[in-house]
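Chemist: Supplied structure: start-v6.cif, mmCIF, C-alpha atoms.
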```
data_protein
loop_
_atom_site.label_atom_id
_atom_site.label_comp_id
_atom_site.auth_asym_id
_atom_site.auth_seq_id
_atom_site.Cartn_x
_atom_site.Cartn_y
_atom_site.Cartn_z
CA MET A 1 -11.04 39.87 18.91
CA GLN A 2 -11.54 38.47 22.40
CA GLU A 3 -13.24 35.43 20.89
CA SER A 4 -10.33 34.87 18.47
CA ILE A 5 -7.78 34.89 21.31
CA ASN A 6 -9.92 32.41 23.22
CA ILE A 7 -10.03 30.10 20.20
CA PHE A 8 -6.26 30.41 19.81
CA VAL A 9 -5.52 29.44 23.42
CA LYS A 10 -8.18 26.73 23.43
CA SER A 11 -6.87 25.05 20.31
CA ILE A 12 -3.32 24.94 21.68
CA PHE A 13 -4.02 23.47 25.10
CA ILE A 14 -7.53 22.08 25.44
CA ASP A 15 -8.24 20.80 21.95
CA ASN A 16 -4.64 19.88 21.25
CA MET A 17 -4.46 18.03 17.91
CA ILE A 18 -2.22 15.27 19.28
CA PHE A 19 -3.24 14.84 22.89
CA ALA A 20 -6.99 15.24 22.47
CA TYR A 21 -7.66 14.01 18.92
CA PHE A 22 -4.57 11.98 17.93
CA LEU A 23 -4.27 13.75 14.59
CA GLY A 24 -0.95 13.66 12.79
CA MET A 25 0.32 10.78 14.90
CA CYS A 26 2.18 9.13 12.02
CA SER A 27 4.67 11.92 11.43
CA TYR A 28 4.61 12.70 15.15
CA LEU A 29 6.06 9.25 15.89
CA ALA A 30 8.25 8.98 12.80
CA VAL A 31 9.99 12.37 12.89
CA SER A 32 10.47 12.82 16.64
CA LYS A 33 13.89 11.26 17.07
CA SER A 34 15.75 14.57 17.31
CA VAL A 35 14.64 18.02 18.46
CA LYS A 36 16.15 19.78 15.45
CA THR A 37 14.03 18.04 12.81
CA ALA A 38 11.00 18.21 15.08
CA VAL A 39 11.31 22.01 15.24
CA GLY A 40 11.55 22.21 11.45
CA LEU A 41 8.50 20.07 10.87
CA GLY A 42 6.58 21.91 13.57
CA ILE A 43 7.20 25.28 11.90
CA ALA A 44 6.21 23.89 8.50
CA VAL A 45 2.95 22.52 9.90
CA ILE A 46 2.06 25.84 11.56
CA PHE A 47 2.75 27.61 8.28
CA VAL A 48 0.58 25.31 6.15
CA GLN A 49 -2.19 25.16 8.75
CA VAL A 50 -2.44 28.98 8.95
CA ILE A 51 -2.93 29.12 5.18
CA THR A 52 -5.18 26.13 4.51
CA VAL A 53 -7.75 26.51 7.29
CA PRO A 54 -8.82 30.07 6.28
CA VAL A 55 -8.74 29.19 2.55
CA ASN A 56 -10.93 26.17 3.16
CA TYR A 57 -13.21 28.33 5.29
CA LEU A 58 -13.80 30.67 2.36
CA LEU A 59 -14.30 27.70 0.05
CA ASN A 60 -16.78 26.18 2.47
CA LYS A 61 -18.67 29.43 2.95
CA TYR A 62 -18.93 30.50 -0.69
CA MET A 63 -19.16 27.14 -2.46
CA LEU A 64 -19.98 24.10 -0.39
CA THR A 65 -22.66 24.82 2.22
CA PRO A 66 -26.30 24.62 1.07
CA GLY A 67 -27.33 27.90 -0.52
CA ALA A 68 -23.76 29.21 -0.65
CA LEU A 69 -23.83 29.69 -4.39
CA THR A 70 -26.41 32.50 -4.31
CA TRP A 71 -23.63 35.04 -4.99
CA ILE A 72 -23.49 33.70 -8.54
CA SER A 73 -27.19 33.60 -9.21
CA PRO A 74 -30.24 33.37 -6.91
CA ARG A 75 -31.45 30.34 -8.86
CA LEU A 76 -28.65 28.25 -7.29
CA ALA A 77 -30.03 28.70 -3.77
CA ASP A 78 -30.94 25.04 -3.24
CA VAL A 79 -27.73 23.50 -4.56
CA ASP A 80 -25.93 21.50 -1.86
CA LEU A 81 -22.34 20.64 -2.73
CA ASN A 82 -21.41 19.53 0.77
CA PHE A 83 -20.54 16.00 -0.30
CA LEU A 84 -17.64 17.44 -2.31
CA SER A 85 -15.93 18.90 0.74
CA PHE A 86 -13.37 16.09 1.26
CA ILE A 87 -12.09 16.25 -2.27
CA MET A 88 -12.03 20.07 -2.35
CA PHE A 89 -10.21 20.33 0.97
CA ILE A 90 -7.57 17.76 0.06
CA ALA A 91 -7.03 19.41 -3.32
CA VAL A 92 -6.52 22.79 -1.63
CA ILE A 93 -4.12 21.25 0.89
CA ALA A 94 -2.08 19.38 -1.69
CA SER A 95 -1.76 22.41 -3.95
CA MET A 96 -1.01 24.77 -1.02
CA VAL A 97 1.77 22.45 0.13
CA GLN A 98 3.19 22.48 -3.37
CA LEU A 99 2.94 26.27 -3.48
CA VAL A 100 4.51 26.76 -0.06
CA GLU A 101 7.31 24.44 -1.10
CA MET A 102 8.03 26.49 -4.22
CA ILE A 103 7.87 29.82 -2.36
CA ILE A 104 10.24 28.65 0.38
CA GLU A 105 12.62 27.19 -2.19
CA LYS A 106 12.73 30.53 -4.02
CA PHE A 107 13.03 32.93 -1.09
CA SER A 108 14.79 30.96 1.63
CA PRO A 109 16.92 28.10 0.34
CA ALA A 110 18.39 27.59 3.82
CA LEU A 111 15.00 26.90 5.40
CA TYR A 112 14.08 24.78 2.37
CA ASN A 113 17.12 22.59 2.82
CA SER A 114 16.52 22.13 6.53
CA LEU A 115 12.87 21.13 6.00
CA GLY A 116 13.81 18.86 3.11
CA ILE A 117 11.47 15.94 2.60
CA PHE A 118 9.06 16.99 5.35
CA LEU A 119 7.31 19.60 3.25
CA PRO A 120 5.64 17.21 0.77
CA LEU A 121 4.81 14.88 3.67
CA ILE A 122 2.66 17.58 5.25
CA ALA A 123 0.06 17.05 2.52
CA VAL A 124 -0.80 13.68 4.06
CA ASN A 125 -0.56 14.82 7.68
CA CYS A 126 -3.95 14.14 9.27
CA ALA A 127 -3.65 17.24 11.46
CA ILE A 128 -3.96 19.52 8.42
CA LEU A 129 -7.05 17.89 6.91
CA GLY A 130 -8.40 17.39 10.45
CA GLY A 131 -8.06 21.13 11.09
CA SER A 132 -10.14 21.92 8.01
CA LEU A 133 -12.78 19.33 8.89
CA PHE A 134 -13.07 20.58 12.48
CA MET A 135 -13.36 24.11 11.09
CA GLN A 136 -16.34 22.90 9.03
CA GLU A 137 -17.91 21.04 11.95
CA TRP A 138 -17.50 23.73 14.63
CA GLU A 139 -18.88 26.51 12.39
CA PHE A 140 -16.67 29.49 13.17
CA GLU A 141 -18.27 32.88 12.79
CA ASN A 142 -15.75 34.91 10.82
CA PHE A 143 -12.48 34.84 8.95
CA GLY A 144 -10.36 36.05 11.89
CA GLN A 145 -11.46 33.16 14.07
CA THR A 146 -10.38 30.61 11.48
CA VAL A 147 -6.94 32.24 11.26
CA ALA A 148 -6.71 32.03 15.06
CA PHE A 149 -7.79 28.39 14.97
CA GLY A 150 -5.28 27.53 12.24
CA LEU A 151 -2.46 29.22 14.14
CA GLY A 152 -3.47 27.65 17.45
CA SER A 153 -3.91 24.09 16.25
CA GLY A 154 -0.63 24.25 14.32
CA THR A 155 1.18 25.60 17.37
CA GLY A 156 -0.32 22.92 19.60
CA TRP A 157 0.91 20.24 17.23
CA ALA A 158 4.40 21.76 17.03
CA LEU A 159 4.54 22.00 20.83
CA ALA A 160 3.67 18.34 21.18
CA ILE A 161 6.23 17.05 18.66
CA ILE A 162 9.03 19.19 20.12
CA ALA A 163 8.20 17.97 23.63
CA ILE A 164 8.23 14.27 22.69
CA ALA A 165 11.44 14.72 20.66
CA ALA A 166 13.17 16.21 23.69
CA ILE A 167 12.00 13.34 25.89
CA ARG A 168 13.07 10.74 23.34
CA GLU A 169 16.54 12.26 23.11
CA LYS A 170 16.97 11.90 26.87
CA ILE A 171 15.32 8.52 27.23
CA ARG A 172 18.06 6.90 25.19
CA TYR A 173 20.12 6.76 28.38
CA SER A 174 17.45 4.97 30.39
CA ASP A 175 17.27 1.24 30.96
CA ILE A 176 13.97 0.34 29.28
CA PRO A 177 12.91 -3.30 28.80
CA LYS A 178 14.20 -4.28 25.35
CA PRO A 179 10.85 -5.07 23.62
CA LEU A 180 9.47 -1.73 24.77
CA ARG A 181 12.26 0.38 23.28
CA GLY A 182 11.56 2.81 20.47
CA LEU A 183 7.94 2.72 19.39
CA GLY A 184 6.44 1.09 22.48
CA ILE A 185 7.77 3.55 25.02
CA SER A 186 6.91 6.49 22.74
CA PHE A 187 3.27 5.42 22.80
CA ILE A 188 3.20 5.10 26.56
CA LEU A 189 4.99 8.45 26.99
CA THR A 190 2.44 10.13 24.73
CA GLY A 191 -0.30 8.58 26.83
CA LEU A 192 1.19 10.01 30.02
CA MET A 193 1.63 13.43 28.37
CA ALA A 194 -1.99 13.28 27.25
CA ILE A 195 -3.07 12.65 30.84
CA ALA A 196 -1.10 15.73 31.87
CA PHE A 197 -2.73 17.81 29.12
CA MET A 198 -6.16 16.67 30.33
CA SER A 199 -5.71 18.87 33.36
CA PHE A 200 -6.45 21.81 31.03
CA LEU A 201 -9.91 20.37 30.39
CA GLY A 202 -11.47 21.99 33.45
CA ILE A 203 -10.56 25.48 32.28
CA LYS A 204 -13.51 27.42 30.91
CA ILE A 205 -12.64 30.05 28.35
CA MET B 1 -4.23 -15.63 -27.95
CA LYS B 2 -0.86 -17.26 -27.52
CA SER B 3 0.26 -14.86 -24.83
CA GLN B 4 -2.74 -15.76 -22.68
CA GLN B 5 -1.73 -19.39 -22.60
CA LYS B 6 1.46 -18.51 -20.81
CA GLU B 7 1.97 -20.24 -17.48
CA LYS B 8 -0.17 -18.29 -15.00
CA GLU B 9 0.35 -18.15 -11.29
CA SER B 10 -2.73 -19.49 -9.53
CA LEU B 11 -4.85 -16.92 -7.72
CA PHE B 12 -3.97 -18.17 -4.25
CA SER B 13 -0.38 -19.34 -4.64
CA PRO B 14 1.82 -19.29 -1.50
CA ARG B 15 3.32 -15.96 -2.53
CA TYR B 16 -0.11 -14.38 -2.75
CA ARG B 17 -1.27 -15.93 0.50
CA LYS B 18 1.73 -14.33 2.20
CA LEU B 19 0.47 -10.92 1.05
CA ILE B 20 -2.55 -11.43 3.27
CA SER B 21 -0.96 -13.21 6.22
CA ASN B 22 2.14 -11.02 6.66
CA PRO B 23 0.39 -7.77 7.54
CA LEU B 24 -1.55 -9.57 10.28
CA SER B 25 1.52 -9.93 12.49
CA LEU B 26 5.06 -9.51 11.14
CA GLU B 27 4.33 -6.43 9.04
CA ASN B 28 1.32 -5.16 10.92
CA PRO B 29 0.50 -1.66 9.69
CA ILE B 30 -0.05 -0.27 13.18
CA THR B 31 2.46 -1.95 15.44
CA VAL B 32 5.35 -2.42 12.99
CA GLN B 33 4.97 -0.04 10.04
CA VAL B 34 3.54 2.75 12.28
CA LEU B 35 0.86 3.66 9.74
CA GLY B 36 -2.66 4.83 10.42
CA ILE B 37 -2.35 5.49 14.13
CA CYS B 38 -4.58 8.56 14.27
CA SER B 39 -7.87 6.85 13.61
CA ALA B 40 -6.93 3.68 15.47
CA LEU B 41 -6.83 5.60 18.72
CA ALA B 42 -9.71 7.98 18.32
CA VAL B 43 -12.55 5.69 17.24
CA THR B 44 -12.00 2.76 19.59
CA THR B 45 -13.89 3.79 22.73
CA LYS B 46 -16.72 1.44 21.65
CA LEU B 47 -16.67 -1.78 19.68
CA LYS B 48 -19.27 -0.80 17.07
CA PRO B 49 -17.62 2.35 15.67
CA ALA B 50 -14.27 0.54 15.76
CA PHE B 51 -15.74 -2.26 13.66
CA VAL B 52 -17.37 0.10 11.15
CA MET B 53 -14.16 2.10 10.84
CA ALA B 54 -12.09 -1.07 10.33
CA LEU B 55 -14.46 -2.24 7.61
CA SER B 56 -14.44 1.14 5.82
CA VAL B 57 -10.65 1.37 5.85
CA THR B 58 -10.28 -2.20 4.54
CA VAL B 59 -12.66 -1.50 1.66
CA VAL B 60 -10.97 1.80 0.77
CA VAL B 61 -7.43 0.38 0.93
CA ALA B 62 -8.31 -2.62 -1.25
CA LEU B 63 -10.16 -0.59 -3.90
CA ALA B 64 -7.63 2.26 -3.96
CA ASN B 65 -4.82 -0.26 -4.37
CA VAL B 66 -6.61 -1.78 -7.37
CA VAL B 67 -7.36 1.57 -9.02
CA ILE B 68 -3.85 2.95 -8.55
CA SER B 69 -2.36 -0.33 -9.69
CA LEU B 70 -4.42 -0.15 -12.89
CA LEU B 71 -3.33 3.45 -13.47
CA ARG B 72 0.27 2.96 -12.36
CA ASN B 73 1.82 3.18 -15.83
CA GLY B 74 -0.06 6.35 -16.74
CA ILE B 75 0.71 8.47 -13.67
CA PRO B 76 3.58 10.96 -14.05
CA SER B 77 5.71 10.57 -10.94
CA ARG B 78 5.84 14.30 -10.16
CA ILE B 79 2.12 14.61 -9.52
CA ARG B 80 1.47 11.11 -8.22
CA ILE B 81 0.62 12.21 -4.68
CA ILE B 82 -2.18 14.46 -5.92
CA VAL B 83 -3.51 11.69 -8.20
CA GLN B 84 -3.44 9.20 -5.33
CA LEU B 85 -5.19 11.64 -3.00
CA THR B 86 -7.91 12.30 -5.58
CA VAL B 87 -8.61 8.60 -6.13
CA VAL B 88 -8.71 7.98 -2.38
CA ALA B 89 -10.89 11.04 -1.74
CA ALA B 90 -13.42 9.86 -4.32
CA LEU B 91 -13.60 6.41 -2.69
CA VAL B 92 -13.93 7.93 0.78
CA ILE B 93 -16.82 10.12 -0.38
CA LEU B 94 -18.59 6.93 -1.52
CA VAL B 95 -17.97 5.23 1.83
CA ASP B 96 -19.12 8.33 3.70
CA GLN B 97 -22.39 8.52 1.76
CA VAL B 98 -23.04 4.79 2.32
CA LEU B 99 -22.40 5.14 6.07
CA LYS B 100 -24.68 8.18 6.30
CA ALA B 101 -27.42 6.27 4.51
CA PHE B 102 -27.30 2.97 6.42
CA VAL B 103 -25.72 3.53 9.86
CA TYR B 104 -26.36 7.21 10.54
CA ASP B 105 -25.72 7.04 14.31
CA VAL B 106 -22.29 5.46 13.86
CA SER B 107 -21.45 7.92 11.11
CA LYS B 108 -22.22 10.76 13.56
CA GLN B 109 -19.98 9.18 16.22
CA LEU B 110 -17.09 8.82 13.79
CA SER B 111 -17.57 12.50 12.75
CA VAL B 112 -14.43 13.79 11.03
CA PHE B 113 -12.62 10.47 11.17
CA VAL B 114 -14.39 9.10 8.09
CA GLY B 115 -13.00 12.03 6.11
CA LEU B 116 -9.62 11.47 7.67
CA ILE B 117 -9.38 8.04 6.02
CA ILE B 118 -8.10 10.10 3.06
CA THR B 119 -4.96 11.05 4.93
CA ASN B 120 -4.71 7.75 6.76
CA CYS B 121 -1.08 6.86 6.32
CA ILE B 122 -1.93 3.21 5.58
CA LEU B 123 -3.39 4.32 2.27
CA MET B 124 -0.52 6.50 1.12
CA GLY B 125 1.98 4.00 2.49
CA ARG B 126 0.54 1.02 0.63
CA LEU B 127 -0.14 2.97 -2.56
CA GLU B 128 3.42 4.26 -2.67
CA ALA B 129 5.13 1.07 -1.54
CA PHE B 130 3.03 -1.57 -3.25
CA ALA B 131 0.33 -0.51 -5.72
CA MET B 132 2.65 1.70 -7.79
CA ALA B 133 4.82 -1.32 -8.58
CA ASN B 134 2.48 -4.31 -8.75
CA LYS B 135 -0.36 -5.82 -10.78
CA PRO B 136 -4.00 -5.29 -9.70
CA TRP B 137 -4.62 -8.73 -8.15
CA PRO B 138 -1.62 -8.77 -5.77
CA ALA B 139 -2.35 -5.10 -5.01
CA PHE B 140 -5.91 -6.06 -4.07
CA LEU B 141 -4.68 -8.87 -1.78
CA ASP B 142 -2.14 -6.52 -0.21
CA GLY B 143 -4.91 -4.02 0.46
CA ILE B 144 -7.13 -6.66 2.06
CA GLY B 145 -4.22 -7.98 4.14
CA ASN B 146 -3.24 -4.57 5.47
CA GLY B 147 -6.87 -3.69 6.06
CA LEU B 148 -7.29 -6.84 8.15
CA GLY B 149 -4.06 -6.22 10.06
CA TYR B 150 -5.39 -2.75 10.89
CA SER B 151 -8.84 -4.16 11.72
CA TRP B 152 -7.79 -6.68 14.34
CA ILE B 153 -5.88 -4.07 16.33
CA LEU B 154 -8.88 -1.72 16.17
CA ILE B 155 -11.29 -4.43 17.22
CA ALA B 156 -9.03 -5.61 20.06
CA LEU B 157 -8.73 -2.04 21.35
CA GLY B 158 -12.47 -1.47 21.03
CA PHE B 159 -13.18 -4.75 22.85
CA PHE B 160 -11.00 -3.97 25.89
CA ARG B 161 -11.95 -0.32 26.11
CA GLU B 162 -15.69 -0.95 25.94
CA LEU B 163 -15.69 -4.04 28.19
CA PHE B 164 -13.62 -2.59 31.02
CA GLY B 165 -14.49 1.06 30.54
CA ASN B 166 -18.23 0.67 30.15
CA GLY B 167 -19.10 -2.91 31.10
CA THR B 168 -20.82 -3.39 27.75
CA LEU B 169 -20.02 -4.93 24.36
CA TRP B 170 -21.69 -3.69 21.14
CA GLY B 171 -24.03 -1.77 23.45
CA TYR B 172 -25.21 -4.87 25.40
CA ARG B 173 -24.44 -5.18 29.11
CA ILE B 174 -21.88 -7.92 29.77
CA ILE B 175 -20.76 -7.34 33.35
CA PRO B 176 -23.82 -8.19 35.48
CA GLN B 177 -25.41 -5.76 37.91
CA SER B 178 -24.52 -8.00 40.88
CA PHE B 179 -20.81 -7.25 40.29
CA TYR B 180 -21.45 -3.54 40.73
CA GLU B 181 -23.41 -4.21 43.89
CA ALA B 182 -20.46 -6.23 45.20
CA GLY B 183 -18.24 -3.17 44.75
CA TYR B 184 -16.94 -3.46 41.14
CA PHE B 185 -16.29 -0.19 39.30
CA ASN B 186 -15.89 0.59 35.62
CA ASN B 187 -12.41 1.81 34.83
CA GLY B 188 -13.14 5.35 33.67
CA LEU B 189 -9.58 5.89 32.45
CA LEU B 190 -10.05 3.41 29.61
CA ILE B 191 -12.68 5.57 27.92
CA LEU B 192 -10.37 8.58 27.90
CA PRO B 193 -7.94 9.17 25.00
CA PRO B 194 -4.65 8.47 26.88
CA ALA B 195 -5.65 4.88 27.66
CA ALA B 196 -5.70 4.03 23.94
CA LEU B 197 -2.07 5.08 23.60
CA ILE B 198 -1.01 3.04 26.61
CA LEU B 199 -2.95 -0.02 25.34
CA VAL B 200 -1.27 0.19 21.91
CA GLY B 201 2.08 0.52 23.68
CA THR B 202 1.28 -2.66 25.60
CA ILE B 203 0.28 -4.55 22.43
CA ILE B 204 3.60 -3.53 20.86
CA TRP B 205 5.42 -4.65 24.02
CA ILE B 206 3.77 -8.08 23.97
CA GLN B 207 4.35 -8.53 20.24
CA ARG B 208 8.01 -7.60 20.42
CA SER B 209 8.78 -9.75 23.41
CA ARG B 210 7.39 -12.73 21.45
CA ASN B 211 9.25 -11.78 18.29
CA LYS B 212 12.78 -10.60 19.04
CA ASN B 213 13.50 -9.55 15.43
CA LEU B 214 11.28 -6.51 15.77
CA ILE B 215 13.18 -4.97 18.70
CA GLU B 216 14.57 -1.49 18.00
CA GLU B 217 17.95 -0.10 19.04
CA TYR B 218 16.72 2.59 21.39
#
```
Reformat the file's structure so that it appears as structure tokens.

Modeler:
Amino acid sequence: MQESINIFVKSIFIDNMIFAYFLGMCSYLAVSKSVKTAVGLGIAVIFVQVITVPVNYLLNKYMLTPGALTWISPRLADVDLNFLSFIMFIAVIASMVQLVEMIIEKFSPALYNSLGIFLPLIAVNCAILGGSLFMQEWEFENFGQTVAFGLGSGTGWALAIIAIAAIREKIRYSDIPKPLRGLGISFILTGLMAIAFMSFLGIKI
Amino acid sequence: MKSQQKEKESLFSPRYRKLISNPLSLENPITVQVLGICSALAVTTKLKPAFVMALSVTVVVALANVVISLLRNGIPSRIRIIVQLTVVAALVILVDQVLKAFVYDVSKQLSVFVGLIITNCILMGRLEAFAMANKPWPAFLDGIGNGLGYSWILIALGFFRELFGNGTLWGYRIIPQSFYEAGYFNNGLLILPPAALILVGTIIWIQRSRNKNLIEEY
């Protein structure tokens, strides 16, 4: 339990998807013009991340790693399906996004309308696939830790996009050099925010 | 046979050449279309991984464009995203296996970012915007053009970050030892992630001050 909480906190602040790994930058820059839409997208990403990371963990553990297929028959012990992981992960993500979209549409039309086109876009958000690939690379020990990691990395991403959206709403009133307006200043702001987030690096959990 | 004798556009007509030259500056995938930022920032601390990454993305974009363009009339539009992702994922698996076989050390440095080519927005962006509506040959040129536009930004970033952050290029020492003895220091900030963002911001600034049409409202 202790370990899971550590992973949760660590993946929000220290290994932040945006500020430490630049994952999901495309939608981060494209959808951060107003706080309202940023909040919607942030929630959707947390939701999908919490589902896909644990599902991909199970898939990885019982299908893809070398020797994982022994639960079917001991003769399959030396089968290594690891090279299939990209295609399996992206298939899980794309179908989960579709599923989540249908569930939300059925049970909460209001939330569905406010998320609108962002839901299908999540399938191609690098932060989601990145979360699953980091899960594979860092070799978590049990199911609970992957749930904590999914929740933490999603929350970190949501935090980042809401913060930049708030700054961009305010910065409209500033006198920025014309060529730097819009995209340019957003990049530099993200850089400065990343420097601020680096101060968490020294913390040992 | 008659239909084949129809007037054919030559393979490198001006229209086709534009497909390659436009993405290099006016429609650059990174600085103008805002596609494929994630990997551009994360793999550019050194020149060599940046170069390998640029090459892989160019190959995948060009081939995926051709495949999707060939299939474009057979894909039902409701499930097109999944079809596109599957095609791209298959190509990326090929690239990943080739990298692991021939340049293992670089493949280790790139770690998850090879896999993340699948969700690189350049791919989905070009497949949706171009390959779904065009013939294979222009789609191939468009893929090469966008790949090159992406590549030069990556290589420029890798060049500056490695030269000023490490004093080396491609692993060879460029800034001589005597400079360090005279009091020169490597700029450690450039190796860290935030510097990449600020450098891209600067490239955008320079590009937009030279080309006023690209300036945004706010």

Chemist: Nearest residue to Leu85 (chain B) out of B:Leu169, B:Leu70, B:Leu123, B:Val43, using all atoms listed in the file?

Modeler: B:Leu123

Chemist: Please list as a ChimeraX atom specification every residue within 12 Å of Ile175 (chain B), counting all atoms listed in the file and excluding residues in the same chain fewer than 2 positions away.

Modeler: /B:162-169,171-173,177-182,184-186

Chemist: Each residue of chain B lying at most 6 Å from chain A should get a row with its shortest atom-to-atom pair and the distance in Å to one decimal, counting all atoms listed in the file; could you produce that, ordered by chain and increasing number, as CSV?

Modeler:
```
residue,atom,partner,partner_atom,distance
B:Ile37,CA,A:Met25,CA,6.0
B:Cys38,CA,A:Phe22,CA,5.0
B:Ala89,CA,A:Ile87,CA,5.4
B:Thr119,CA,A:Val124,CA,5.0
B:Pro194,CA,A:Gly191,CA,4.4
B:Leu197,CA,A:Gly191,CA,5.1
B:Ile198,CA,A:Ile188,CA,4.7
B:Gly201,CA,A:Gly184,CA,4.6
B:Ile204,CA,A:Gly184,CA,5.7
B:Trp205,CA,A:Leu180,CA,5.0
B:Arg208,CA,A:Pro179,CA,5.0
B:Ser209,CA,A:Pro179,CA,5.1
B:Ile215,CA,A:Pro179,CA,5.4
B:Glu216,CA,A:Gly182,CA,5.8
B:Tyr218,CA,A:Gly182,CA,5.2
```

Chemist: Under the PyMOL selection byres ((chain B and resi 47-55) around 7), which residues of this model are included? Write them out as a PyMOL selection string.

Modeler: chain B and resi 43-46+56-59+106+110+150-151+154-155+158-159+162+169-170

Chemist: I'd like to see the residues matched by the PyMOL selection byres ((chain A and resi 57-63) around 9) on this file, and ideally I'd get them as a ChimeraX atom specification.

Modeler: /A:52-56,64-71,80-82,85,88-89,132,135-136,140,142-143,146

Chemist: I'd like the neighbourhood of Gly36 (chain B) as a ChimeraX atom specification, where a residue qualifies if any of its atoms comes within 6 Å (using all atoms listed in the file), though same-chain residues fewer than 4 positions away should be ignored.

Modeler: /B:120-122

Chemist: Quick one: region 182-187 of chain A with all heavy atoms, as a CSV table (one decimal), in the coordinates of the input?

Modeler:
```csv
chain,number,residue,atom,x,y,z
A,182,GLY,N,12.0,2.2,21.7
A,182,GLY,CA,11.6,2.8,20.5
A,182,GLY,C,10.1,3.1,20.5
A,182,GLY,O,9.6,3.9,21.2
A,183,LEU,N,9.4,2.4,19.6
A,183,LEU,CA,7.9,2.7,19.4
A,183,LEU,C,7.1,2.5,20.6
A,183,LEU,O,6.3,3.4,21.0
A,183,LEU,CB,7.4,1.8,18.3
A,183,LEU,CG,6.1,2.2,17.7
A,183,LEU,CD1,6.2,3.6,17.2
A,183,LEU,CD2,5.8,1.3,16.6
A,184,GLY,N,7.3,1.4,21.3
A,184,GLY,CA,6.4,1.1,22.5
A,184,GLY,C,6.5,2.2,23.5
A,184,GLY,O,5.4,2.7,24.0
A,185,ILE,N,7.7,2.6,23.9
A,185,ILE,CA,7.8,3.6,25.0
A,185,ILE,C,7.3,4.9,24.5
A,185,ILE,O,6.7,5.7,25.3
A,185,ILE,CB,9.2,3.6,25.6
A,185,ILE,CG1,9.2,4.3,26.9
A,185,ILE,CG2,10.2,4.3,24.6
A,185,ILE,CD1,8.6,3.6,28.0
A,186,SER,N,7.4,5.2,23.2
A,186,SER,CA,6.9,6.5,22.7
A,186,SER,C,5.4,6.6,22.9
A,186,SER,O,4.9,7.6,23.3
A,186,SER,CB,7.2,6.7,21.3
A,186,SER,OG,8.6,6.5,21.0
A,187,PHE,N,4.7,5.4,22.6
A,187,PHE,CA,3.3,5.4,22.8
A,187,PHE,C,2.9,5.7,24.2
A,187,PHE,O,2.0,6.5,24.5
A,187,PHE,CB,2.7,4.1,22.4
A,187,PHE,CG,2.3,4.0,21.0
A,187,PHE,CD1,3.0,3.3,20.0
A,187,PHE,CD2,1.1,4.7,20.6
A,187,PHE,CE1,2.6,3.3,18.7
A,187,PHE,CE2,0.7,4.6,19.3
A,187,PHE,CZ,1.4,3.9,18.3
```
